[in-house]
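Asks: Quick one: this structure, given as structure tokens, is what I'll be asking you about.
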Amino acid sequence: MKKLLTPFEKGFIKFKNHLVMAPMTRSRAIDNLPNELMANYYAQRSGAGLIITEGTSPSPEGLGYPRIPGIYSEVQVAGWKKVTEAVHQNGSKIFLQLMHTGRIAHVANLPNGIQPVGPSDIKAAGEIFTDSLGMQEHSVPVALSLDGITRVIEDFVNASKNAILAGFDGVELHGANGYLLEQFLNPNVNNRTDLYGGNLINRSRLVLEISEAIAAAIGPDKVGIRFSPFSQLSDQASYDTEEVHQTYTYLSSELDKLGIAYIHLSTNPEIPEKTYKAIRAVFTNTIIICNGLTAETAEEKLLDNSADLVAFGRGFLANPDFVKRIEKNLSLNDVDFGTLYSPGETGYTDYPLYTSK
């Protein structure tokens, strides 16, 4: 596993190895505040060259799930500083993932008086957990007005500036998993007839405007984005496959012009090889591949240049010493799925190191 563990350098990016800790919602941010427990969790996993945090809301209306952190207040910035300081002590870099859940939300998970929003007023199928009411159907979102879209862009920019104040090395936009940015991309969710709806260029507009505004505010070298083409998570019904392919090729080409740091691809079986190749062809900076990788297949991705970096989720979740385990070819802890989103340290910071098993 030589390349996995060697230092990475491409353009302005330098990491101590080729391993990325993928973003994973863990629901430990009581009152939406980053805390000491979270700082310990990320510090434990700072063997990664790059850590991408759990999805973090740029505004109160983006807090679709219980106990997810924000980055829109001074006290949240102060909480995140503890995390970045802990991670940097071990020579790792850390990006904050900005996640606005859009219509994947329930009012019980939002502050009083705040409503979920989306590109349209189309309610998402399925249910979502709330601490106060248990499982509930998703709330009907309020369709964003043009002024509302302007406010969303400003919220993302302010959140990015706050991330830099908190000591993060950059931000990753969550453009996957059926959240707000991907909701705008999907014509089954976005039925707008203005500049943000209709053809793929219009549906891509919000992603590109947010990316451009953040790049102007904090620098393009501090901006990444996560995509998962063809994914149907969070009621993202499929649409014409060629249009999906063209959408992500177009987005990647435009983001390349902005000079952002990376595109993070959350893979799924529906993505055709031609889409991977098209993104690789038009985007010249770093590409991260995530999902379903083993140490062996990740090494293959690096060696054949289909990826510049490789990201792992469950491996880091259940193994604070995941990098050491790869290096020494050691067995891995199993994930405790019952404690993925429960509050407290159980199933969070108490996974054993290999030497203590």
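To be explicit about the labels: the chains of the structure tokens are called A, B, and onward in the order shown, and within each one the residues are counted from 1, while ligands get numbers from 1 in the order they are shown.
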I'd like a table as JSON lines: residues in segment 137-218 of chain A with an atom no more than 12 Å from segment 261-285 of chain A, each row giving the shortest atom pair and its distance in Å to one decimal, only C-alpha atoms counted, sorted by chain and rising residue number.
Replies:
```
{"residue": "A:Asp169", "atom": "CA", "partner": "A:Ala261", "partner_atom": "CA", "distance": 11.1}
{"residue": "A:Gly170", "atom": "CA", "partner": "A:Ala261", "partner_atom": "CA", "distance": 9.1}
{"residue": "A:Val171", "atom": "CA", "partner": "A:Ala261", "partner_atom": "CA", "distance": 9.8}
{"residue": "A:Glu172", "atom": "CA", "partner": "A:His264", "partner_atom": "CA", "distance": 8.6}
{"residue": "A:Leu173", "atom": "CA", "partner": "A:His264", "partner_atom": "CA", "distance": 9.6}
{"residue": "A:His174", "atom": "CA", "partner": "A:His264", "partner_atom": "CA", "distance": 9.4}
{"residue": "A:Gly175", "atom": "CA", "partner": "A:His264", "partner_atom": "CA", "distance": 9.6}
{"residue": "A:Ala176", "atom": "CA", "partner": "A:Ser266", "partner_atom": "CA", "distance": 7.9}
{"residue": "A:Asn177", "atom": "CA", "partner": "A:Ser266", "partner_atom": "CA", "distance": 9.1}
{"residue": "A:Ser211", "atom": "CA", "partner": "A:Ala261", "partner_atom": "CA", "distance": 11.1}
{"residue": "A:Ala215", "atom": "CA", "partner": "A:Ala261", "partner_atom": "CA", "distance": 9.8}
{"residue": "A:Ile218", "atom": "CA", "partner": "A:Ala261", "partner_atom": "CA", "distance": 12.0}
```
Asks: Got a sec: who's within 6 Å of Ala143 of chain A, counting only C-alpha atoms, leaving out chain neighbours fewer than 6 positions off, as JSON, numbers by chain?
Replies: {"A": [117, 118, 119, 120, 121]}
Asks: So that I can check the surroundings of Ile153 of chain A, please list as JSON, numbers by chain every protein, DNA and RNA residue that reaches within 9 Å of it, counting only C-alpha atoms and ignoring chain neighbours fewer than 2 positions away.
Replies: {"A": [148, 149, 150, 151, 155, 156, 157, 158, 206, 209, 210, 213, 214]}
Asks: At what distance in Å, to one decimal, does atom CA of Asn35 of chain A lie from atom CA of Ser57 of chain A?
Replies: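 Result for atom CA of Ser57 of chain A versus atom CA of Asn35 of chain A: 15.5 Å, one decimal.
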Asks: Give one line per residue of segment 24-96 of chain A that approaches segment 125-140 of chain A to at most 12 Å, naming the two atoms of the closest pair and their distance in Å to one decimal, counting only C-alpha atoms; sort by chain then ascending residue number and deliver it as a tab-separated table.
Replies:
```
residue	atom	partner	partner_atom	distance
A:Ser27	CA	A:Asp131	CA	10.9
A:Ile30	CA	A:Asp131	CA	11.3
A:Asp31	CA	A:Asp131	CA	11.7
A:Leu63	CA	A:Thr130	CA	11.5
A:Gly64	CA	A:Ile128	CA	8.8
A:Tyr65	CA	A:Thr130	CA	7.2
A:Pro66	CA	A:Thr130	CA	6.1
A:Arg67	CA	A:Asp131	CA	8.8
A:Ile68	CA	A:Thr130	CA	11.8
```
Asks: Since we have the selection now, will you write its residues out, keeping N, CA, C and O atoms, as a compact mmCIF listing (two decimals), in the first residue's frame?
Replies:
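Heads up, here's the output in out01.txt:
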```txt
# COMPACT_ATOMS: atom_id res chain seq x y z
N SER A 27 -24.33 13.25 14.63
CA SER A 27 -25.41 13.74 15.51
C SER A 27 -25.00 13.86 16.98
O SER A 27 -25.77 13.55 17.87
N ILE A 30 -24.92 18.68 20.40
CA ILE A 30 -26.06 19.08 21.21
C ILE A 30 -26.31 20.58 21.03
O ILE A 30 -25.37 21.38 21.09
N ASP A 31 -27.57 20.95 20.79
CA ASP A 31 -27.94 22.35 20.52
C ASP A 31 -27.21 22.90 19.29
O ASP A 31 -27.00 24.11 19.19
N LEU A 63 -30.70 23.04 9.07
CA LEU A 63 -30.53 22.03 10.12
C LEU A 63 -31.65 20.99 10.03
O LEU A 63 -32.52 20.91 10.90
N GLY A 64 -31.62 20.17 9.00
CA GLY A 64 -32.74 19.25 8.79
C GLY A 64 -32.80 18.10 9.76
O GLY A 64 -33.87 17.56 10.02
N TYR A 65 -31.64 17.68 10.29
CA TYR A 65 -31.57 16.52 11.17
C TYR A 65 -31.33 16.94 12.61
O TYR A 65 -30.83 18.04 12.88
N PRO A 66 -31.61 16.04 13.56
CA PRO A 66 -31.31 16.37 14.97
C PRO A 66 -29.81 16.44 15.22
O PRO A 66 -29.03 15.67 14.65
N ARG A 67 -29.40 17.37 16.03
CA ARG A 67 -28.05 17.42 16.59
C ARG A 67 -26.94 17.49 15.55
O ARG A 67 -25.86 16.94 15.75
N ILE A 68 -27.18 18.16 14.43
CA ILE A 68 -26.09 18.41 13.50
C ILE A 68 -25.54 19.81 13.77
O ILE A 68 -26.28 20.71 14.18
```
Asks: Write out as a ChimeraX atom specification the residues lying within 6 Å of Ala311 of chain A, counting only C-alpha atoms and excluding same-chain residues fewer than 4 positions away.
Replies: /A:19-22,290
